[in-house]
Amino acid sequence: MQNIDWNQAAPGVWKTTIGSPGGWTPLTCLNRRPRTEAMKELPEAALPFSGETIDLRELRSGGSLLSLPLAESEELYGMGLQFMRMNQRGRTRYLRVNSDPKQDTGETHAPVPFLVSGRGYGILVDSARAVTFYCGSALRQHKAAAAEARDRNT
């Protein structure tokens with residue numbers, strides 16, 4: 001497990017760099033910074049999880065895997081224009097541009113790698129590459145106790 005440095009981009013919005021980002025990202029190619037003036041009027045917020053509960057791994061494919069703890073009833077919104085559902089909890093979202101998506105995979109003509117939690121925080125992945133989000137859809141075993149297999153889509 002790697003040490004992760006989180007920076008607060010705006011009250012309640014946290015950002016980190018994973019691996020070696022490509023030269024062009026949505027924020028760098030526009031040469032603009034997000035407009036956060038109104039957000040700065042919000043109260044300061046602490047990072048909603050501790051470093052011990054976050055898992056970051058480099059993948060052999062060249063990508064990275066970032067795993068964040070979710071509360072049992074936590075809702076996740078965002079990912080750009082998604083036609084099939086608003087709450088992304090329990091779904092795997094493969095964010096890639098597709099002008100004619102046929103299935104509820106996360107592909108859309110307007111994908112945005114930003115999600116907002118019902119707990120009041122946001123996560124931005126500043127990448128121009130296709131990004132996959134597992135929004136509470138993967139069953140993992142806790143280090144202390146083995147998890148029982150279950151239907152994770154209910």
# chains A, B, ... in the order shown; residues from 1 in each chain; ligands from 1

call {"tool": "select_by_dssp", "arguments": {"residues": "region 22-138 of chain A", "states": "strand (DSSP E or B)", "output": "VMD selection string"}}
result
chain A and resid 55 to 58 64 to 67 76 to 80 91 to 95 97 108 111 to 117 122 to 124 131 to 135

call {"tool": "write_last_selection", "arguments": {"atoms": "N, CA, C and O atoms", "output": "compact mmCIF listing (two decimals), in the first residue's frame"}}
result
# COMPACT_ATOMS: atom_id res chain seq x y z
N ASP A 55 -6.78 2.22 -0.09
CA ASP A 55 -5.88 1.29 -0.76
C ASP A 55 -5.53 1.86 -2.13
O ASP A 55 -6.42 2.18 -2.92
N LEU A 56 -4.24 2.00 -2.41
CA LEU A 56 -3.76 2.49 -3.70
C LEU A 56 -2.74 1.51 -4.23
O LEU A 56 -1.77 1.18 -3.56
N ARG A 57 -2.98 1.02 -5.45
CA ARG A 57 -2.05 0.07 -6.06
C ARG A 57 -1.78 0.44 -7.51
O ARG A 57 -2.69 0.84 -8.22
N GLU A 58 -0.53 0.29 -7.92
CA GLU A 58 -0.17 0.42 -9.33
C GLU A 58 -0.48 -0.91 -10.00
O GLU A 58 -0.17 -1.97 -9.47
N SER A 64 -3.79 2.56 -12.31
CA SER A 64 -3.76 2.54 -10.85
C SER A 64 -5.14 2.16 -10.32
O SER A 64 -6.15 2.37 -10.98
N LEU A 65 -5.16 1.62 -9.11
CA LEU A 65 -6.40 1.28 -8.44
C LEU A 65 -6.44 2.03 -7.13
O LEU A 65 -5.53 1.90 -6.31
N LEU A 66 -7.46 2.84 -6.93
CA LEU A 66 -7.67 3.57 -5.69
C LEU A 66 -8.97 3.08 -5.09
O LEU A 66 -10.02 3.12 -5.72
N SER A 67 -8.90 2.58 -3.87
CA SER A 67 -10.08 2.05 -3.20
C SER A 67 -10.36 2.88 -1.96
O SER A 67 -9.49 3.02 -1.10
N LEU A 76 -23.69 7.62 -4.24
CA LEU A 76 -22.67 8.23 -5.09
C LEU A 76 -23.33 8.78 -6.35
O LEU A 76 -24.03 8.04 -7.05
N TYR A 77 -23.09 10.04 -6.63
CA TYR A 77 -23.71 10.70 -7.78
C TYR A 77 -22.62 11.30 -8.67
O TYR A 77 -21.52 11.58 -8.24
N GLY A 78 -22.97 11.52 -9.93
CA GLY A 78 -22.05 12.16 -10.86
C GLY A 78 -21.69 11.27 -12.02
O GLY A 78 -22.50 10.50 -12.50
N MET A 79 -20.47 11.37 -12.49
CA MET A 79 -19.90 10.63 -13.62
C MET A 79 -20.33 11.20 -14.96
O MET A 79 -20.23 10.53 -15.97
N GLY A 80 -20.84 12.41 -14.98
CA GLY A 80 -21.27 13.01 -16.22
C GLY A 80 -22.70 12.64 -16.56
O GLY A 80 -23.48 12.25 -15.69
N ARG A 91 -22.62 0.05 -8.73
CA ARG A 91 -22.38 -0.10 -10.17
C ARG A 91 -20.90 0.06 -10.49
O ARG A 91 -20.16 0.69 -9.74
N THR A 92 -20.49 -0.50 -11.60
CA THR A 92 -19.16 -0.26 -12.15
C THR A 92 -19.34 0.70 -13.31
O THR A 92 -20.16 0.45 -14.20
N ARG A 93 -18.63 1.80 -13.29
CA ARG A 93 -18.74 2.83 -14.33
C ARG A 93 -17.45 2.89 -15.12
O ARG A 93 -16.39 3.19 -14.57
N TYR A 94 -17.53 2.57 -16.41
CA TYR A 94 -16.39 2.67 -17.32
C TYR A 94 -16.59 3.95 -18.10
O TYR A 94 -17.40 4.00 -19.03
N LEU A 95 -15.89 5.01 -17.71
CA LEU A 95 -16.11 6.32 -18.32
C LEU A 95 -15.29 6.44 -19.60
O LEU A 95 -14.07 6.57 -19.57
N VAL A 97 -15.96 7.93 -23.86
CA VAL A 97 -16.86 8.61 -24.79
C VAL A 97 -17.46 7.58 -25.74
O VAL A 97 -16.76 6.79 -26.35
N THR A 108 -20.87 7.18 -22.23
CA THR A 108 -21.82 8.22 -22.59
C THR A 108 -21.11 9.23 -23.49
O THR A 108 -19.89 9.20 -23.61
N PRO A 111 -18.89 11.86 -20.54
CA PRO A 111 -18.42 11.32 -19.27
C PRO A 111 -17.58 12.36 -18.52
O PRO A 111 -16.85 13.14 -19.12
N VAL A 112 -17.72 12.37 -17.20
CA VAL A 112 -16.95 13.28 -16.35
C VAL A 112 -16.44 12.48 -15.15
O VAL A 112 -17.24 11.94 -14.40
N PRO A 113 -15.12 12.39 -14.96
CA PRO A 113 -14.59 11.58 -13.85
C PRO A 113 -14.65 12.32 -12.51
O PRO A 113 -13.65 12.55 -11.85
N PHE A 114 -15.85 12.68 -12.12
CA PHE A 114 -16.09 13.38 -10.85
C PHE A 114 -17.32 12.77 -10.21
O PHE A 114 -18.33 12.59 -10.87
N LEU A 115 -17.20 12.42 -8.94
CA LEU A 115 -18.37 11.91 -8.23
C LEU A 115 -18.54 12.66 -6.93
O LEU A 115 -17.59 13.20 -6.38
N VAL A 116 -19.76 12.72 -6.48
CA VAL A 116 -20.12 13.39 -5.23
C VAL A 116 -20.79 12.35 -4.34
O VAL A 116 -21.69 11.63 -4.79
N SER A 117 -20.35 12.28 -3.09
CA SER A 117 -20.92 11.34 -2.13
C SER A 117 -22.07 11.99 -1.38
O SER A 117 -22.07 13.20 -1.14
N GLY A 122 -16.46 15.23 -2.53
CA GLY A 122 -16.34 14.95 -3.95
C GLY A 122 -14.97 14.40 -4.27
O GLY A 122 -14.01 14.68 -3.57
N ILE A 123 -14.87 13.61 -5.34
CA ILE A 123 -13.61 13.05 -5.81
C ILE A 123 -13.49 13.38 -7.29
O ILE A 123 -14.38 13.07 -8.08
N LEU A 124 -12.37 14.00 -7.67
CA LEU A 124 -12.07 14.32 -9.07
C LEU A 124 -10.87 13.50 -9.52
O LEU A 124 -9.84 13.50 -8.85
N VAL A 131 -11.49 5.95 -17.54
CA VAL A 131 -11.36 5.68 -16.11
C VAL A 131 -12.49 4.74 -15.71
O VAL A 131 -13.63 4.91 -16.14
N THR A 132 -12.19 3.73 -14.89
CA THR A 132 -13.20 2.82 -14.37
C THR A 132 -13.39 3.08 -12.89
O THR A 132 -12.42 3.10 -12.14
N PHE A 133 -14.63 3.31 -12.48
CA PHE A 133 -14.98 3.49 -11.07
C PHE A 133 -15.78 2.27 -10.63
O PHE A 133 -16.77 1.92 -11.25
N TYR A 134 -15.35 1.63 -9.56
CA TYR A 134 -16.12 0.56 -8.92
C TYR A 134 -16.81 1.22 -7.73
O TYR A 134 -16.18 1.46 -6.70
N CYS A 135 -18.05 1.54 -7.87
CA CYS A 135 -18.80 2.33 -6.88
C CYS A 135 -19.48 1.42 -5.87
O CYS A 135 -20.70 1.33 -5.80

call {"tool": "residues_around", "arguments": {"residues": "Leu42 (chain A)", "least_positions_apart": "4", "cutoff": "9 Å", "atoms": "only C-alpha atoms", "output": "PDB file with N, CA, C and O atoms, in the first residue's frame"}}
result
ATOM      1  N   ALA A  10     -11.110  22.397  -2.884  1.00  0.00           N
ATOM      2  CA  ALA A  10     -12.148  23.330  -2.445  1.00  0.00           C
ATOM      3  C   ALA A  10     -12.776  22.682  -1.222  1.00  0.00           C
ATOM      4  O   ALA A  10     -12.568  21.492  -0.997  1.00  0.00           O
ATOM      5  N   PRO A  11     -13.515  23.419  -0.410  1.00  0.00           N
ATOM      6  CA  PRO A  11     -14.125  22.794   0.759  1.00  0.00           C
ATOM      7  C   PRO A  11     -14.945  21.557   0.379  1.00  0.00           C
ATOM      8  O   PRO A  11     -15.877  21.639  -0.410  1.00  0.00           O
ATOM      9  N   GLY A  12     -14.526  20.409   0.899  1.00  0.00           N
ATOM     10  CA  GLY A  12     -15.229  19.159   0.638  1.00  0.00           C
ATOM     11  C   GLY A  12     -14.809  18.433  -0.619  1.00  0.00           C
ATOM     12  O   GLY A  12     -15.274  17.335  -0.876  1.00  0.00           O
ATOM     13  N   ALA A  38     -17.404  30.433  -5.171  1.00  0.00           N
ATOM     14  CA  ALA A  38     -18.607  30.218  -4.369  1.00  0.00           C
ATOM     15  C   ALA A  38     -18.399  29.094  -3.360  1.00  0.00           C
ATOM     16  O   ALA A  38     -18.911  29.151  -2.244  1.00  0.00           O
TER      17      ALA A  38
END

call {"tool": "atom_distance", "arguments": {"atom1": "CA of Met84 (chain A)", "atom2": "CA of Gly136 (chain A)"}}
result
17.4 Å

call {"tool": "atom_distance", "arguments": {"atom1": "CA of Gly118 (chain A)", "atom2": "CA of Ala46 (chain A)"}}
result
15.2 Å

call {"tool": "atom_distance", "arguments": {"atom1": "CA of Arg89 (chain A)", "atom2": "CA of Pro69 (chain A)"}}
result
12.4 Å

call {"tool": "closest_residue", "arguments": {"among": "A:Asp126, A:Asp104, A:Glu37, A:Asp5", "to": "Met86 (chain A)", "atoms": "only C-alpha atoms"}}
result
A:Asp104

call {"tool": "closest_residue", "arguments": {"among": "A:Lys15, A:Arg96, A:Arg35, A:Arg129", "to": "His109 (chain A)", "atoms": "only C-alpha atoms"}}
result
A:Arg96

call {"tool": "closest_residue", "arguments": {"among": "A:Trp14, A:Gly90, A:Ser127, A:Leu47", "to": "Ser73 (chain A)", "atoms": "only C-alpha atoms"}}
result
A:Gly90

call {"tool": "closest_residue", "arguments": {"among": "A:Ala110, A:Leu30, A:Ala9, A:Val125", "to": "Gln82 (chain A)", "atoms": "only C-alpha atoms"}}
result
A:Ala110

call {"tool": "residues_around", "arguments": {"residues": "Gly23 (chain A)", "least_positions_apart": "4", "cutoff": "10 Å", "atoms": "only C-alpha atoms", "output": "PyMOL selection string"}}
result
chain A and resi 28-29+127-128
